[in-house]
$ cat coords24.cif   # mmCIF, C-alpha atoms
data_query
loop_
_atom_site.label_atom_id
_atom_site.label_comp_id
_atom_site.auth_asym_id
_atom_site.auth_seq_id
_atom_site.Cartn_x
_atom_site.Cartn_y
_atom_site.Cartn_z
CA MET K 18 -10.24 91.79 47.51
CA ALA K 19 -11.49 95.00 45.93
CA ALA K 20 -14.17 95.43 43.29
CA PHE K 21 -12.20 98.35 41.82
CA ALA K 22 -8.49 98.87 41.32
CA SER K 23 -6.15 101.26 39.55
CA ALA K 24 -2.45 101.46 38.83
CA MET K 25 -0.06 103.77 37.01
CA SER K 26 3.41 103.26 35.56
CA MET K 27 5.88 105.88 34.37
CA HIS K 28 8.27 103.33 32.89
CA PRO K 29 9.30 104.36 29.35
CA VAL K 30 9.41 100.77 28.06
CA PRO K 31 5.88 99.65 27.03
CA ALA K 32 6.29 96.03 28.17
CA HIS K 33 7.52 97.12 31.58
CA ALA K 34 4.66 99.63 31.94
CA VAL K 35 2.16 96.86 31.21
CA GLY K 36 3.87 94.52 33.63
CA GLU K 37 3.88 97.05 36.45
CA THR K 38 0.24 98.07 36.08
CA ALA K 39 -1.12 94.59 35.44
CA GLY K 40 0.85 93.19 38.36
CA GLU K 41 -0.69 95.68 40.75
CA MET K 42 -4.18 94.94 39.43
CA LEU K 43 -3.76 91.19 39.85
CA ASP K 44 -2.72 91.72 43.46
CA ARG K 45 -5.78 93.84 44.23
CA LEU K 46 -8.63 92.25 42.27
CA ASP K 47 -10.53 89.12 43.17
CA GLY K 48 -10.89 87.30 39.86
CA ASP K 49 -11.10 88.62 36.31
CA PRO K 50 -12.45 92.18 35.95
CA ASP K 51 -15.53 92.96 33.90
CA LEU K 52 -14.17 96.30 32.69
CA VAL K 53 -10.65 97.58 32.12
CA VAL K 54 -10.00 101.18 31.00
CA CYS K 55 -6.50 102.23 29.91
CA PHE K 56 -5.08 105.72 29.45
CA VAL K 57 -1.68 105.97 27.77
CA SER K 58 0.45 108.98 26.93
CA SER K 59 1.48 109.92 23.41
CA HIS K 60 4.84 108.19 23.92
CA PHE K 61 3.08 104.81 23.58
CA VAL K 62 0.91 105.46 20.51
CA GLY K 63 2.99 103.20 18.30
CA ALA K 64 3.04 100.41 20.87
CA LEU K 65 -0.60 100.53 21.93
CA ASP K 66 -1.66 97.46 19.93
CA ASP K 67 0.90 95.28 21.72
CA MET K 68 0.20 96.90 25.09
CA VAL K 69 -3.53 96.24 25.10
CA HIS K 70 -3.03 92.74 23.72
CA ALA K 71 -0.73 91.96 26.63
CA MET K 72 -3.09 93.62 29.09
CA ARG K 73 -5.99 91.51 27.84
CA ASN K 74 -3.95 88.33 28.19
CA LEU K 75 -2.87 89.19 31.73
CA LEU K 76 -6.14 90.51 33.16
CA ASP K 77 -8.66 88.67 30.92
CA PRO K 78 -11.37 91.35 31.21
CA ARG K 79 -14.86 91.00 29.78
CA VAL K 80 -14.40 94.41 28.07
CA LEU K 81 -11.30 96.56 27.56
CA VAL K 82 -11.17 100.10 26.18
CA ALA K 83 -8.20 102.44 25.84
CA VAL K 84 -7.43 105.97 24.73
CA THR K 85 -4.29 108.02 24.08
CA THR K 86 -4.02 111.33 25.93
CA SER K 87 -1.46 114.09 26.34
CA GLY K 88 -1.19 113.40 30.07
CA VAL K 89 -2.22 110.60 32.39
CA VAL K 90 -3.84 110.47 35.84
CA GLY K 91 -3.30 107.64 38.28
CA GLY K 92 -4.22 107.60 41.96
CA GLY K 93 -3.55 111.06 43.37
CA HIS K 94 -0.99 112.00 40.72
CA GLU K 95 -1.05 113.63 37.29
CA VAL K 96 1.71 113.06 34.74
CA GLU K 97 1.52 115.93 32.26
CA ASP K 98 4.90 115.31 30.62
CA GLY K 99 6.77 112.11 29.98
CA PRO K 100 5.64 108.53 29.39
CA ALA K 101 2.87 107.15 31.56
CA ALA K 102 0.11 104.55 31.48
CA ALA K 103 -2.80 104.29 33.90
CA VAL K 104 -5.24 101.40 34.19
CA PHE K 105 -8.61 101.15 35.93
CA ALA K 106 -10.41 97.86 36.49
CA ALA K 107 -13.89 97.17 37.81
CA SER K 108 -15.71 94.00 38.81
CA LEU K 109 -19.36 94.55 37.86
CA PRO K 110 -20.90 91.07 38.06
CA ASP K 111 -24.50 92.30 37.96
CA ALA K 112 -24.00 94.81 35.16
CA THR K 113 -24.30 94.59 31.39
CA VAL K 114 -21.09 95.90 29.86
CA THR K 115 -21.22 96.45 26.07
CA PRO K 116 -18.28 97.84 24.06
CA ALA K 117 -18.63 99.81 20.84
CA ALA K 118 -16.34 101.15 18.11
CA LEU K 119 -18.16 104.00 16.35
CA ARG K 120 -17.49 105.86 13.12
CA ALA K 121 -19.17 108.82 11.48
CA VAL K 122 -20.28 107.99 7.93
CA ASP K 123 -21.59 110.46 5.37
CA THR K 124 -24.66 109.24 3.49
CA PRO K 125 -27.02 110.91 0.99
CA ASP K 126 -29.38 111.45 3.91
CA GLY K 127 -26.73 113.02 6.11
CA MET K 128 -24.27 111.83 8.71
CA THR K 129 -24.90 108.50 10.41
CA ILE K 130 -23.02 106.55 13.08
CA SER K 131 -21.86 103.04 12.22
CA GLY K 132 -20.82 100.39 14.71
CA TRP K 133 -23.80 100.83 17.04
CA PRO K 134 -23.95 97.63 19.15
CA ASP K 135 -26.95 95.47 19.97
CA LEU K 136 -27.94 96.68 23.42
CA ILE K 137 -29.73 94.59 26.01
CA GLY K 138 -32.25 96.80 27.77
CA ASP K 139 -31.66 100.50 28.34
CA PRO K 140 -28.14 101.39 29.51
CA GLU K 141 -27.86 104.20 32.03
CA THR K 142 -24.28 105.27 31.26
CA LEU K 143 -22.01 105.55 28.23
CA LEU K 144 -18.27 105.95 28.81
CA LEU K 145 -17.11 107.62 25.60
CA PHE K 146 -13.66 108.26 24.12
CA ALA K 147 -13.54 110.11 20.80
CA ASP K 148 -11.01 111.42 18.29
CA PRO K 149 -11.50 115.20 17.98
CA PHE K 150 -10.52 115.28 14.29
CA SER K 151 -12.89 112.67 12.92
CA PHE K 152 -15.87 112.28 15.24
CA PRO K 153 -18.64 114.94 15.29
CA ILE K 154 -19.16 114.85 19.02
CA ASP K 155 -21.70 117.71 19.23
CA THR K 156 -23.89 116.19 16.52
CA PHE K 157 -23.61 112.76 18.12
CA LEU K 158 -24.67 114.06 21.55
CA ARG K 159 -27.63 115.94 20.09
CA ARG K 160 -28.87 112.85 18.24
CA LEU K 161 -28.27 110.68 21.29
CA HIS K 162 -30.39 113.06 23.36
CA ASP K 163 -33.26 112.64 20.90
CA ASP K 164 -32.98 108.84 20.91
CA ARG K 165 -31.92 108.12 24.50
CA PRO K 166 -32.47 111.21 26.66
CA GLU K 167 -31.91 109.31 29.92
CA LEU K 168 -28.44 108.08 28.93
CA ALA K 169 -25.60 109.88 30.78
CA VAL K 170 -22.47 110.23 28.65
CA ILE K 171 -19.16 110.71 30.46
CA GLY K 172 -15.78 110.81 28.77
CA GLY K 173 -13.32 112.86 26.80
CA MET K 174 -11.57 113.57 23.52
CA ALA K 175 -8.26 111.88 22.75
CA SER K 176 -5.35 114.32 22.90
CA ALA K 177 -2.13 112.50 22.06
CA GLY K 178 -1.39 114.53 18.94
CA PRO K 179 -2.28 117.78 17.15
CA ARG K 180 -3.14 116.25 13.77
CA PRO K 181 -5.56 113.69 12.34
CA GLY K 182 -4.27 110.15 12.70
CA THR K 183 -2.14 110.83 15.78
CA ASN K 184 -4.57 109.33 18.30
CA ARG K 185 -5.48 105.72 19.01
CA LEU K 186 -8.71 104.30 20.44
CA VAL K 187 -9.31 100.71 21.50
CA ALA K 188 -12.45 98.64 22.07
CA ASP K 189 -11.47 95.06 22.86
CA GLU K 190 -9.55 93.80 19.79
CA THR K 191 -10.42 96.82 17.63
CA VAL K 192 -7.74 99.55 17.43
CA ILE K 193 -8.69 102.65 15.43
CA ALA K 194 -7.16 106.05 14.65
CA GLU K 195 -10.48 107.81 14.02
CA GLY K 196 -14.05 107.72 15.29
CA ALA K 197 -14.89 106.85 18.87
CA VAL K 198 -15.02 103.94 21.27
CA GLY K 199 -17.27 103.50 24.24
CA VAL K 200 -18.74 101.23 26.87
CA PHE K 201 -22.48 101.09 27.56
CA LEU K 202 -23.23 100.22 31.19
CA ARG K 203 -26.52 98.88 32.48
CA GLY K 204 -26.94 97.98 36.13
CA ALA K 205 -23.73 99.72 37.27
CA SER K 206 -24.03 102.59 39.73
CA VAL K 207 -22.18 105.51 38.13
CA GLU K 208 -22.62 109.17 39.10
CA PRO K 209 -21.42 111.91 36.75
CA VAL K 210 -19.65 114.89 38.32
CA VAL K 211 -18.99 117.77 35.93
CA SER K 212 -16.91 120.66 37.25
CA GLN K 213 -16.72 123.47 34.70
CA GLY K 214 -14.52 125.52 36.99
CA CYS K 215 -16.51 128.76 36.96
CA ARG K 216 -18.54 130.85 39.33
CA PRO K 217 -21.41 133.15 38.37
CA VAL K 218 -21.11 136.90 38.82
CA GLY K 219 -23.82 139.53 38.67
CA THR K 220 -27.43 138.53 38.06
CA PRO K 221 -29.15 136.33 35.46
CA PHE K 222 -30.70 137.90 32.36
CA VAL K 223 -33.06 136.66 29.68
CA ALA K 224 -31.61 136.83 26.18
CA THR K 225 -34.06 139.10 24.38
CA SER K 226 -32.26 139.38 21.03
CA THR K 227 -29.79 136.94 19.45
CA HIS K 228 -28.60 135.83 16.04
CA GLY K 229 -26.42 132.79 15.51
CA ARG K 230 -23.66 132.85 18.07
CA PHE K 231 -24.17 136.53 18.88
CA VAL K 232 -26.10 137.78 21.88
CA ASP K 233 -27.42 141.23 20.99
CA GLU K 234 -29.57 142.07 24.01
CA LEU K 235 -29.90 140.89 27.59
CA GLY K 236 -33.03 141.93 29.42
CA GLY K 237 -33.96 144.36 26.64
CA ARG K 238 -30.64 146.23 26.63
CA PRO K 239 -27.43 145.78 24.63
CA ALA K 240 -25.39 142.91 26.00
CA VAL K 241 -22.22 145.01 26.16
CA GLU K 242 -24.03 147.55 28.35
CA ARG K 243 -24.99 144.80 30.79
CA LEU K 244 -21.35 143.71 30.90
CA GLN K 245 -20.14 147.27 31.46
CA GLU K 246 -22.60 147.70 34.33
CA LEU K 247 -21.32 144.52 35.93
CA ALA K 248 -17.69 145.62 35.57
CA ALA K 249 -18.46 149.01 37.12
CA THR K 250 -19.76 147.44 40.34
CA ALA K 251 -17.43 144.42 40.52
CA SER K 252 -14.50 144.02 42.89
CA ASP K 253 -11.01 144.66 41.53
CA GLU K 254 -10.41 140.90 41.44
CA ASP K 255 -13.61 140.16 39.53
CA ARG K 256 -13.02 143.07 37.17
CA ALA K 257 -9.64 141.59 36.23
CA LEU K 258 -11.24 138.19 35.66
CA LEU K 259 -13.95 139.74 33.51
CA GLN K 260 -11.22 141.16 31.29
CA HIS K 261 -9.23 137.93 30.93
CA GLY K 262 -11.51 135.00 31.82
CA LEU K 263 -15.04 136.05 30.84
CA GLN K 264 -17.53 133.24 30.21
CA LEU K 265 -21.26 133.07 29.70
CA GLY K 266 -23.39 130.50 31.51
CA ILE K 267 -26.47 129.28 29.64
CA VAL K 268 -29.19 127.76 31.80
CA VAL K 269 -30.03 124.24 30.62
CA ASP K 270 -33.17 123.61 32.68
CA GLU K 271 -35.40 126.70 32.67
CA GLN K 272 -37.95 125.11 35.03
CA GLN K 273 -35.97 126.05 38.15
CA ASP K 274 -36.79 129.12 40.23
CA GLU K 275 -33.17 129.88 41.09
CA PHE K 276 -29.89 129.08 39.37
CA ALA K 277 -26.55 128.15 40.91
CA ARG K 278 -23.34 126.34 40.00
CA GLY K 279 -24.07 123.25 38.01
CA ASP K 280 -27.17 124.73 36.35
CA PHE K 281 -25.23 126.52 33.60
CA LEU K 282 -23.57 125.31 30.43
CA ILE K 283 -20.37 127.39 30.32
CA ARG K 284 -19.25 128.84 27.01
CA ASN K 285 -16.47 131.31 26.13
CA VAL K 286 -17.24 134.93 25.33
CA MET K 287 -15.22 135.22 22.13
CA GLY K 288 -15.43 138.97 21.67
CA LEU K 289 -17.69 141.99 21.56
CA ASP K 290 -18.90 144.58 19.09
CA ARG K 291 -19.02 148.02 20.71
CA ASP K 292 -20.90 149.48 17.74
CA THR K 293 -23.84 147.06 17.99
CA GLY K 294 -23.47 146.10 21.65
CA ALA K 295 -23.42 142.38 20.83
CA LEU K 296 -21.33 139.62 22.41
CA ALA K 297 -19.89 136.73 20.40
CA VAL K 298 -20.32 133.45 22.30
CA GLY K 299 -18.89 129.97 21.69
CA ASP K 300 -22.34 128.42 21.27
CA THR K 301 -25.81 129.30 20.05
CA VAL K 302 -28.00 131.20 22.51
CA GLU K 303 -31.73 131.19 21.81
CA ILE K 304 -34.08 134.09 22.49
CA GLY K 305 -35.74 133.48 25.85
CA GLN K 306 -32.87 131.53 27.38
CA THR K 307 -31.56 132.63 30.75
CA VAL K 308 -27.86 133.44 30.91
CA GLN K 309 -25.41 134.80 33.48
CA PHE K 310 -21.86 136.04 33.22
CA GLN K 311 -19.23 133.74 34.72
CA VAL K 312 -15.53 133.98 35.59
CA ARG K 313 -12.90 131.26 35.68
CA ASP K 314 -9.56 131.15 37.47
CA ALA K 315 -7.66 128.68 39.63
CA VAL K 316 -9.53 129.67 42.78
CA SER K 317 -12.95 129.34 41.12
CA ALA K 318 -12.01 126.01 39.54
CA ASP K 319 -10.79 124.66 42.87
CA GLU K 320 -13.90 125.84 44.72
CA ASP K 321 -16.21 124.39 42.07
CA LEU K 322 -14.63 120.93 42.14
CA ARG K 323 -14.63 120.86 45.93
CA ALA K 324 -18.26 121.98 46.13
CA LEU K 325 -19.39 119.28 43.69
CA LEU K 326 -17.49 116.51 45.52
CA ALA K 327 -18.48 117.57 49.04
CA GLY K 328 -20.51 114.88 50.79
CA ARG K 329 -20.08 112.30 48.03
CA ASP K 330 -18.78 108.76 48.37
CA GLY K 331 -17.28 106.51 45.74
CA GLU K 332 -15.50 103.19 45.36
CA GLY K 333 -13.63 104.09 42.18
CA ALA K 334 -13.51 106.81 39.53
CA LEU K 335 -12.47 107.76 36.01
CA LEU K 336 -11.30 111.34 35.52
CA PHE K 337 -11.39 113.26 32.24
CA THR K 338 -9.70 116.59 32.85
CA CYS K 339 -8.90 119.33 30.37
CA ASN K 340 -5.36 119.69 29.07
CA GLY K 341 -5.80 123.39 29.89
CA ARG K 342 -6.07 122.63 33.59
CA GLY K 343 -3.19 120.97 35.46
CA ARG K 344 -0.12 123.09 36.19
CA GLY K 345 -1.10 125.60 33.51
CA LEU K 346 -4.20 126.65 35.45
CA PHE K 347 -3.38 125.83 39.06
CA GLY K 348 0.36 126.47 39.10
CA THR K 349 1.03 123.20 40.94
CA PRO K 350 0.86 119.54 39.88
CA ASP K 351 -1.79 116.96 40.79
CA HIS K 352 -4.61 119.41 41.54
CA ASP K 353 -7.71 117.56 40.33
CA ALA K 354 -6.44 114.12 41.32
CA GLY K 355 -5.33 115.52 44.68
CA VAL K 356 -8.70 117.09 45.46
CA ILE K 357 -10.45 113.81 44.61
CA ALA K 358 -8.08 111.90 46.91
CA GLU K 359 -8.54 114.48 49.66
CA LEU K 360 -12.35 114.50 49.58
CA LEU K 361 -13.15 110.93 48.55
CA GLY K 362 -10.16 109.16 50.04
CA PRO K 363 -7.58 107.00 48.24
CA ILE K 364 -10.11 105.35 45.93
CA PRO K 365 -8.93 103.69 42.70
CA LEU K 366 -8.65 106.48 40.13
CA ALA K 367 -7.37 106.65 36.55
CA GLY K 368 -7.82 109.19 33.82
CA GLY K 369 -6.30 111.47 31.25
CA PHE K 370 -5.92 115.04 30.06
CA CYS K 371 -8.39 115.54 27.22
CA ALA K 372 -8.97 117.89 24.30
CA GLY K 373 -12.61 118.30 25.36
CA GLU K 374 -14.53 116.69 28.19
CA VAL K 375 -17.98 115.11 28.00
CA GLY K 376 -20.57 115.06 30.75
CA PRO K 377 -24.16 115.98 31.56
CA VAL K 378 -25.27 119.40 32.77
CA GLY K 379 -28.89 119.99 33.67
CA GLY K 380 -29.77 116.48 32.55
CA ARG K 381 -28.30 116.88 29.06
CA ASN K 382 -24.93 115.75 27.69
CA PHE K 383 -22.44 118.28 26.34
CA VAL K 384 -18.79 118.57 25.40
CA HIS K 385 -16.94 121.08 27.58
CA GLY K 386 -13.63 122.90 27.88
CA PHE K 387 -11.47 123.56 30.95
CA THR K 388 -13.63 121.01 32.75
CA ALA K 389 -13.07 118.05 35.04
CA SER K 390 -15.62 115.35 34.20
CA LEU K 391 -15.74 112.43 36.61
CA ALA K 392 -17.40 109.01 36.36
CA LEU K 393 -17.85 108.07 40.01
CA PHE K 394 -18.61 104.40 40.69
CA THR K 395 -20.65 104.13 43.88
#
$ encode --input "coords24.cif" --output "structure tokens"
Amino acid sequence: MAAFASAMSMHPVPAHAVGETAGEMLDRLDGDPDLVVCFVSSHFVGALDDMVHAMRNLLDPRVLVAVTTSGVVGGGHEVEDGPAAAVFAASLPDATVTPAALRAVDTPDGMTISGWPDLIGDPETLLLFADPFSFPIDTFLRRLHDDRPELAVIGGMASAGPRPGTNRLVADETVIAEGAVGVFLRGASVEPVVSQGCRPVGTPFVATSTHGRFVDELGGRPAVERLQELAATASDEDRALLQHGLQLGIVVDEQQDEFARGDFLIRNVMGLDRDTGALAVGDTVEIGQTVQFQVRDAVSADEDLRALLAGRDGEGALLFTCNGRGRGLFGTPDHDAGVIAELLGPIPLAGGFCAGEVGPVGGRNFVHGFTASLALFT
């Protein structure tokens, strides 16, 4: 019997979807799983309480977490429209598996996080599922880095609905419509794989003048001039991507001599000011940081994911992919799940399309966009 298993159902009746997925898991697993992770589409938001209750009764896991997403991934397939539920189960007998239901609480001293569990030892991994409307994910990750810099956070933002209160998150018997849920893992071998789907173009520059989210100068010259120089020497293909898919990569670890894919935190270039020569960026860039222009398209995203998975092995995986990827980016269904199946084999895989993906870059955890973030159990 396997230590990992996954199953997906596209049945529109919640009870039947649970029966189909749980039945497959019982056939594949040897004994009760230690961890069960469920991804359900928006069609099942109202029935999620009953679904997870039934799933717990059937599989009897040590810990169960669930999240609602706009689309669901199971095996080598991605269901972007229509009802679907995917379940992942893992037997981790030597691991400490600790669930948490977290909420952001305003206090006179500032925001604090309630629901923090009593942890045994130092966990290596946090699988995190958060509501984008009520949980300050950036603030949480920054504080977590200060308190537990070695903890790798992998996960995504719930995406079942466009308004507050339209998502559901589950940690064991707790079902919430705001905040976040997670699982702390200690003694489980989990590798994060974060594919931001970009490739660098041109050469790196040091940011020599910035203010807020504006980059004024790169290498002592106006940032717009550096971009114009790059466009003048770029291929026709890259020039088109610079016009429609321009990104800026910010180096996370400045101690390296050379920078390549995986060394940059990718952020959107939001606009430019031709009068001042500044670029508006979707994050703060500090003076002295190294940056490089990046481009994103289907080809770059495919190459990036393949490069990061090349030579890896895994026994099971959780996939958190952006709801801006899928058919909208690649033009065909099942891209990310298909690449994983092609390069890693038919390993148990479940996941969802998220409104923001979480994973470490350069040894630090961030929330990303247009990214495929993978928790690879090895």
$ resolve_selection --input "coords24.cif" --expression "the PyMOL selection byres ((chain K and resi 242) around 12)" --output "MDAnalysis selection string"
chainID K and resid 232:241 243:249 289:296
$ closest_residue --input "coords24.cif" --among "K:Asn340, K:Gln309, K:Thr85, K:Ser317" --to "Ala277 (chain K)" --atoms "all atoms listed in the file"
K:Gln309
$ resolve_selection --input "coords24.cif" --expression "the PyMOL selection byres ((chain K and resi 80) around 12)" --output "ChimeraX atom specification"
/K:49-55,69,72-73,76-79,81-83,105-109,112-117,187-191,198-202
$ write_last_selection --input "coords24.cif" --atoms "C-alpha atoms" --output "PDB file, in the frame of the given file"
ATOM      1  CA  ASP K  49     -11.100  88.620  36.310  1.00  0.00           C
ATOM      2  CA  PRO K  50     -12.450  92.180  35.950  1.00  0.00           C
ATOM      3  CA  ASP K  51     -15.530  92.960  33.900  1.00  0.00           C
ATOM      4  CA  LEU K  52     -14.170  96.300  32.690  1.00  0.00           C
ATOM      5  CA  VAL K  53     -10.650  97.580  32.120  1.00  0.00           C
ATOM      6  CA  VAL K  54     -10.000 101.180  31.000  1.00  0.00           C
ATOM      7  CA  CYS K  55      -6.500 102.230  29.910  1.00  0.00           C
ATOM      8  CA  VAL K  69      -3.530  96.240  25.100  1.00  0.00           C
ATOM      9  CA  MET K  72      -3.090  93.620  29.090  1.00  0.00           C
ATOM     10  CA  ARG K  73      -5.990  91.510  27.840  1.00  0.00           C
ATOM     11  CA  LEU K  76      -6.140  90.510  33.160  1.00  0.00           C
ATOM     12  CA  ASP K  77      -8.660  88.670  30.920  1.00  0.00           C
ATOM     13  CA  PRO K  78     -11.370  91.350  31.210  1.00  0.00           C
ATOM     14  CA  ARG K  79     -14.860  91.000  29.780  1.00  0.00           C
ATOM     15  CA  LEU K  81     -11.300  96.560  27.560  1.00  0.00           C
ATOM     16  CA  VAL K  82     -11.170 100.100  26.180  1.00  0.00           C
ATOM     17  CA  ALA K  83      -8.200 102.440  25.840  1.00  0.00           C
ATOM     18  CA  PHE K 105      -8.610 101.150  35.930  1.00  0.00           C
ATOM     19  CA  ALA K 106     -10.410  97.860  36.490  1.00  0.00           C
ATOM     20  CA  ALA K 107     -13.890  97.170  37.810  1.00  0.00           C
ATOM     21  CA  SER K 108     -15.710  94.000  38.810  1.00  0.00           C
ATOM     22  CA  LEU K 109     -19.360  94.550  37.860  1.00  0.00           C
ATOM     23  CA  ALA K 112     -24.000  94.810  35.160  1.00  0.00           C
ATOM     24  CA  THR K 113     -24.300  94.590  31.390  1.00  0.00           C
ATOM     25  CA  VAL K 114     -21.090  95.900  29.860  1.00  0.00           C
ATOM     26  CA  THR K 115     -21.220  96.450  26.070  1.00  0.00           C
ATOM     27  CA  PRO K 116     -18.280  97.840  24.060  1.00  0.00           C
ATOM     28  CA  ALA K 117     -18.630  99.810  20.840  1.00  0.00           C
ATOM     29  CA  VAL K 187      -9.310 100.710  21.500  1.00  0.00           C
ATOM     30  CA  ALA K 188     -12.450  98.640  22.070  1.00  0.00           C
ATOM     31  CA  ASP K 189     -11.470  95.060  22.860  1.00  0.00           C
ATOM     32  CA  GLU K 190      -9.550  93.800  19.790  1.00  0.00           C
ATOM     33  CA  THR K 191     -10.420  96.820  17.630  1.00  0.00           C
ATOM     34  CA  VAL K 198     -15.020 103.940  21.270  1.00  0.00           C
ATOM     35  CA  GLY K 199     -17.270 103.500  24.240  1.00  0.00           C
ATOM     36  CA  VAL K 200     -18.740 101.230  26.870  1.00  0.00           C
ATOM     37  CA  PHE K 201     -22.480 101.090  27.560  1.00  0.00           C
ATOM     38  CA  LEU K 202     -23.230 100.220  31.190  1.00  0.00           C
TER      39      LEU K 202
END
$ closest_residue --input "coords24.cif" --among "K:Phe347, K:Cys371, K:Gly99, K:Arg313" --to "Pro179 (chain K)" --atoms "only C-alpha atoms"
K:Cys371
$ closest_residue --input "coords24.cif" --among "K:Thr388, K:Glu374, K:Arg159, K:Thr129" --to "Ala147 (chain K)" --atoms "only C-alpha atoms"
K:Glu374
$ atom_distance --input "coords24.cif" --atom1 "CA of Glu320 (chain K)" --atom2 "CA of Thr301 (chain K)"
27.6 Å
$ atom_distance --input "coords24.cif" --atom1 "CA of Ile283 (chain K)" --atom2 "CA of Gly379 (chain K)"
11.8 Å
$ closest_residue --input "coords24.cif" --among "K:Asn184, K:Thr86, K:Ser151, K:Thr124" --to "Gly63 (chain K)" --atoms "only C-alpha atoms"
K:Asn184
$ closest_residue --input "coords24.cif" --among "K:Phe310, K:Phe56, K:Phe222, K:Phe281" --to "Leu259 (chain K)" --atoms "only C-alpha atoms"
K:Phe310
$ resolve_selection --input "coords24.cif" --expression "the PyMOL selection byres ((chain K and resi 20-35) around 6)" --output "list in words"
Ala19, Gly36, Glu37, Thr38, Ala39, Gly91, Pro100, Ala101, Ala102, Ala103, Val104, Phe105, Ala106, Ala107, Ser108, Gly333, Pro365 and Leu366 of chain K
$ write_last_selection --input "coords24.cif" --atoms "C-alpha atoms" --output "PDB file, in the frame of the given file"
ATOM      1  CA  ALA K  19     -11.490  95.000  45.930  1.00  0.00           C
ATOM      2  CA  GLY K  36       3.870  94.520  33.630  1.00  0.00           C
ATOM      3  CA  GLU K  37       3.880  97.050  36.450  1.00  0.00           C
ATOM      4  CA  THR K  38       0.240  98.070  36.080  1.00  0.00           C
ATOM      5  CA  ALA K  39      -1.120  94.590  35.440  1.00  0.00           C
ATOM      6  CA  GLY K  91      -3.300 107.640  38.280  1.00  0.00           C
ATOM      7  CA  PRO K 100       5.640 108.530  29.390  1.00  0.00           C
ATOM      8  CA  ALA K 101       2.870 107.150  31.560  1.00  0.00           C
ATOM      9  CA  ALA K 102       0.110 104.550  31.480  1.00  0.00           C
ATOM     10  CA  ALA K 103      -2.800 104.290  33.900  1.00  0.00           C
ATOM     11  CA  VAL K 104      -5.240 101.400  34.190  1.00  0.00           C
ATOM     12  CA  PHE K 105      -8.610 101.150  35.930  1.00  0.00           C
ATOM     13  CA  ALA K 106     -10.410  97.860  36.490  1.00  0.00           C
ATOM     14  CA  ALA K 107     -13.890  97.170  37.810  1.00  0.00           C
ATOM     15  CA  SER K 108     -15.710  94.000  38.810  1.00  0.00           C
ATOM     16  CA  GLY K 333     -13.630 104.090  42.180  1.00  0.00           C
ATOM     17  CA  PRO K 365      -8.930 103.690  42.700  1.00  0.00           C
ATOM     18  CA  LEU K 366      -8.650 106.480  40.130  1.00  0.00           C
TER      19      LEU K 366
END
$ residues_around --input "coords24.cif" --residues "Gly127 (chain K)" --least-positions-apart "5" --cutoff "12 Å" --atoms "all atoms listed in the file" --output "ChimeraX atom specification"
/K:121-122,156
$ atom_distance --input "coords24.cif" --atom1 "CA of His70 (chain K)" --atom2 "CA of Met42 (chain K)"
15.9 Å
$ closest_residue --input "coords24.cif" --among "K:Ala71, K:Val269, K:Ala194, K:Leu326" --to "Leu393 (chain K)" --atoms "all atoms listed in the file"
K:Leu326
$ build_atoms --input "coords24.cif" --residues "region 163-173 of chain K" --atoms "N, CA and C atoms" --output "mmCIF file, in the frame of the given file"
data_model
loop_
_atom_site.group_PDB
_atom_site.id
_atom_site.type_symbol
_atom_site.label_atom_id
_atom_site.label_comp_id
_atom_site.auth_asym_id
_atom_site.auth_seq_id
_atom_site.Cartn_x
_atom_site.Cartn_y
_atom_site.Cartn_z
ATOM 1 N N ASP K 163 -31.954 112.898 21.507
ATOM 2 C CA ASP K 163 -33.260 112.640 20.900
ATOM 3 C C ASP K 163 -33.667 111.170 21.046
ATOM 4 N N ASP K 164 -32.679 110.265 20.898
ATOM 5 C CA ASP K 164 -32.980 108.840 20.910
ATOM 6 C C ASP K 164 -32.996 108.240 22.315
ATOM 7 N N ARG K 165 -32.065 108.685 23.157
ATOM 8 C CA ARG K 165 -31.920 108.120 24.500
ATOM 9 C C ARG K 165 -31.665 109.250 25.495
ATOM 10 N N PRO K 166 -32.683 110.038 25.810
ATOM 11 C CA PRO K 166 -32.470 111.210 26.660
ATOM 12 C C PRO K 166 -32.043 110.888 28.081
ATOM 13 N N GLU K 167 -32.275 109.670 28.549
ATOM 14 C CA GLU K 167 -31.910 109.310 29.920
ATOM 15 C C GLU K 167 -30.474 108.801 30.028
ATOM 16 N N LEU K 168 -29.786 108.640 28.915
ATOM 17 C CA LEU K 168 -28.440 108.080 28.930
ATOM 18 C C LEU K 168 -27.422 109.165 29.300
ATOM 19 N N ALA K 169 -26.657 108.953 30.376
ATOM 20 C CA ALA K 169 -25.600 109.880 30.780
ATOM 21 C C ALA K 169 -24.313 109.503 30.067
ATOM 22 N N VAL K 170 -23.709 110.460 29.374
ATOM 23 C CA VAL K 170 -22.470 110.230 28.650
ATOM 24 C C VAL K 170 -21.343 110.942 29.389
ATOM 25 N N ILE K 171 -20.302 110.176 29.725
ATOM 26 C CA ILE K 171 -19.160 110.710 30.460
ATOM 27 C C ILE K 171 -17.900 110.272 29.720
ATOM 28 N N GLY K 172 -16.988 111.197 29.469
ATOM 29 C CA GLY K 172 -15.780 110.810 28.770
ATOM 30 C C GLY K 172 -14.958 111.995 28.325
ATOM 31 N N GLY K 173 -14.183 111.799 27.257
ATOM 32 C CA GLY K 173 -13.320 112.860 26.800
ATOM 33 C C GLY K 173 -12.789 112.599 25.406
#
